[in-house]
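Engineer: I have a structure here, written as structure tokens, and I will follow up with some questions on it.
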Amino acid sequence: MVRSIPTWLRVAAFVFVLATALILLAPLFVVIGVSISESQFIAFPPNGLSLRWYQQVLSSNAYLGAGWISIQIALMVTVLATLIGGAAAVAIHRRQLIFSDLLATVFLSPLVLPTIIYAIGMLMFWSAAFGPVSPITLALSHTIIALPYVVRTTLAVLAESDPFLEEAARTMGANRLQRLSFVVVPQCIPGLAAGAFFAFNISFDEAVLSLFLRGPTLTTLPVQIYGQLEFSPDPSVAAVSSIMIALTVILIFVIDRMLGLTRFASA
Amino acid sequence: MNDRTESLLLALPGLLLLVLAFFMPIGQMLILSVSGPDGVTLSHFVRFLSDPFYLGILWRTVRLSLVITIICAAIGFPLAYIMARVGPKLRLWLVVMVILPLMTSVVVRTFGWMVLLSRSGMIPEMLRDMGLVGRSFALMQTEAAIVIGMVQVLLPFMTLSILGVITRIDGRLEEAARTMGCSFLQSFRTVVLPLALPGIVAGSLLCFTLSASSFVTPNLLGGTRIQVLAASIYKSVTQTPDWPFAAAQAVILFAGILLVLVPYIKMTGPKDG
């Protein structure tokens, strides 16, 4: 006879999940709480409700400037990583190149190398070869760390695709470009879209490369927040942080609606 | 044009970018780590490995990373199991609960902990009110603060690594064990745990690597007094600045991580990524 799961265990599991949720989400709620506080100082639980810190952020040139740079770089990264990573994923999936196993490893290798090691290399190499770092440097380095995500999501979608569709298009007389644009790319769309969202998110939130590759006019939002936290945090930092959290929530919602979140979580 | 050329053309932009902006920078860093004023030198490595101050930093990095990894595994494994076995609706919420912090900037999450752990923050206040700690108790600028913050940062990585493996475990194996008379805990220990082990190992390696190489959270929660290796590297790049020494420290960090990773890669073989 099968003994059922004891009640105490079910209760323990429930408590465990609640406690974990608390650990995982507490910092986010705290940040949001601080951002709507009246108080001059960082305080949680907040005393008094006010949106004045948001107002301050929206009239601060430092935050707006950093936010604008972050958005520009994240958009560049999204386009570059999606195009380059998507194309690479198709090449890896077709397995026609003699070194296609190696190719997959090469494209996923930025995942394995700790970002700080890569960041130093990039700073040293770039300043030796091309002079001071520019937004392009930062965008390229973010593209490198976003590439594996695009390659992975696209490969995951391609693995479920029908290989005979392209074959059929070929026998019907479609040329290479037509097969790519009317058969292969449409099949890849869910993977490409997921990869694009991840790429945007990675670039927009990334702090390590942005800290190493910063310049007087090249400060992204996470770097700006980091600087504030090191020296003089006030509730306006919480307001910017809350805006970033809101953006993440929207992004997750969109990914889930378009593609299903659980599918990519356990891939 | 044949099929092979087409594949090559598709992969080419990525390969070019990787060579120019990934492999060459790493090469440059390796070269710099052994370059001195007059040719090749190992002096930067000798300087690091013979100074008790830096050896202390190295030891602290290893020790904290181990503690963080173990705590993450202890929480992540049961959490992943629960996620895999609950209904689809609840699973979606649990996935959101794990992914939302994962996709939020580390800087933002660390800020949350700074508020919670600060002298007048909620957690020390609560501990003081409960009489568990003295009046002068502080959490910020301690190793405990780093561990708390890093566990929250890395737990999603651990959970998702294990979840990927657990969802692929055949549910009938557990049912078989249960119908043969195993209690739930017995089947959990003798069936689920061994089958989930590859995921736990992979997640642990990921956690260890990420934890050993992070500096944003340790810097903000531990302060400048409690340095970890990555923080020391950052300091050598931005404050001192001593690039060859920074490069040497990065090589030491990388070598340490490879030391942990290579036996695992050898063990599991190249068949799954």
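Chain labels follow the order of the structure tokens: the first chain is A, the next B, and so on; residue numbering restarts at 1 in every chain, and ligands are counted from 1 in their shown order.
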Show me, as CSV, the residues of chain A having an atom within 6 Å of chain B, each with the closest atom pair and its distance in Å, using only C-alpha atoms.
Structural biologist:
residue,atom,partner,partner_atom,distance
A:Val2,CA,B:Thr179,CA,5.2
A:Ile5,CA,B:Phe184,CA,5.8
A:Leu24,CA,B:Gln152,CA,5.7
A:Pro27,CA,B:Gly112,CA,4.0
A:Val30,CA,B:Gly112,CA,5.6
A:Val31,CA,B:Gly112,CA,5.3
A:Ile84,CA,B:Gly14,CA,5.4
A:Ala87,CA,B:Leu10,CA,5.0
A:Ala88,CA,B:Ala11,CA,4.4
A:Ala91,CA,B:Ser7,CA,4.6
A:Gln96,CA,B:Arg4,CA,5.8
A:Ile117,CA,B:Ala250,CA,5.6
A:Gly121,CA,B:Pro25,CA,4.4
A:Met122,CA,B:Pro25,CA,4.9
A:Phe125,CA,B:Pro25,CA,4.9
A:Asp205,CA,B:Ser105,CA,4.5
A:Ser241,CA,B:Val108,CA,5.6
A:Ser266,CA,B:Gly164,CA,4.5
Engineer: Which neighbours of A:His93 fall inside 8 Å, counting only C-alpha atoms, when residues of the same chain fewer than 5 positions from it are skipped, and could you give them as an NGL selection string?
Structural biologist: :A and (155 or 158-159)
Engineer: Please, what distance in Å, to one decimal, runs between atom CA of B:Ser136 and atom CA of B:Arg225?
Structural biologist: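 Pair atom CA of B:Ser136 / atom CA of B:Arg225 returns 18.7 Å.
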Engineer: Env of A:Ile243: 12 Å cut, atoms = only C-alpha atoms, seq-sep filter 4 positions within chain, self excluded. Answer as an NGL selection string.
Structural biologist: (:A and (28 or 31-32 or 35-36 or 53-54 or 57-58 or 63 or 67 or 205 or 221-222 or 236-239 or 247-250)) or (:B and (104-105 or 108))
Engineer: Calculated over only C-alpha atoms, which of the candidates B:Gln141, B:Leu90, B:Glu125, B:Ser35 has the smallest distance to B:Gly222?
Structural biologist: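 Among the listed residues, B:Gln141 lies closest to B:Gly222.
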Engineer: What separation in Å, quoted to one decimal, exists between atom CA of B:Val86 and atom CA of A:Phe14?
Structural biologist: 11.4 Å
Engineer: May I ask for the distance between atom CA of A:Gln72 and atom CA of A:Ala139, given in Å to one decimal place?
Structural biologist: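 Atom CA of A:Gln72 sits 9.0 Å away from atom CA of A:Ala139.
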Engineer: Give me the residues within 10 Å of stretch 141-151 of chain A as a ChimeraX atom specification, counting only C-alpha atoms and dropping any in the same chain fewer than 6 places off.
Structural biologist: /A:73-74,76-90,92-93,104-113,115,118-119,122-123,135,191-204,206,209-210,213 /B:14,17-18,21-22
Engineer: Considering only C-alpha atoms, can you say which of B:Leu259, B:Ala248, B:Ala144, B:Val40 comes closest to B:Ser232?
Structural biologist: B:Ala248
Engineer: Quick one: of A:Ile136, A:Cys188, A:Val34, A:Leu218, who's nearest to A:Ser50, counting only C-alpha atoms?
Structural biologist: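 Looking only at the distances to A:Ser50, the closest residue turns out to be A:Val34.
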Engineer: Pick out the closest residue to B:Leu64 from this set: B:Glu143, B:Asp170, B:Asp38, B:Asp242. Count only C-alpha atoms.
Structural biologist: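 Ranked by minimum distance to B:Leu64, first place goes to B:Glu143.
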Engineer: Counting only C-alpha atoms, which residue out of A:Asp101, A:Asp234, A:Val254, A:Phe164 sits closest to A:Phe41?
Structural biologist: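 Distance minimum relative to A:Phe41 lands on A:Asp234.
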Engineer: Given the choices B:Ala74, B:Tyr81, B:Lys235, B:Val62, which gets closest to A:Ile120 if the distance is worked out from only C-alpha atoms?
Structural biologist: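 For A:Ile120, the nearest of the candidates is B:Lys235.
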Engineer: A:Gly33: which residues within 8 Å, counting only C-alpha atoms, same-chain residues fewer than 3 positions away excluded, as a PyMOL selection string?
Structural biologist: chain A and resi 29-30+36-37+44-46
Engineer: For those residues, write C-alpha atoms to a file as an mmCIF file, in the first residue's frame.
Structural biologist:
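Okay, this is what ended up in out-v2.cif:
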data_model
loop_
_atom_site.group_PDB
_atom_site.id
_atom_site.type_symbol
_atom_site.label_atom_id
_atom_site.label_comp_id
_atom_site.auth_asym_id
_atom_site.auth_seq_id
_atom_site.Cartn_x
_atom_site.Cartn_y
_atom_site.Cartn_z
ATOM 1 C CA PHE A 29 9.805 45.065 -2.181
ATOM 2 C CA VAL A 30 12.099 46.981 0.135
ATOM 3 C CA ILE A 36 7.538 55.880 -2.137
ATOM 4 C CA SER A 37 8.603 57.145 1.277
ATOM 5 C CA PHE A 44 11.888 50.873 5.527
ATOM 6 C CA PRO A 45 9.037 50.454 6.332
ATOM 7 C CA PRO A 46 8.341 53.788 4.605
#
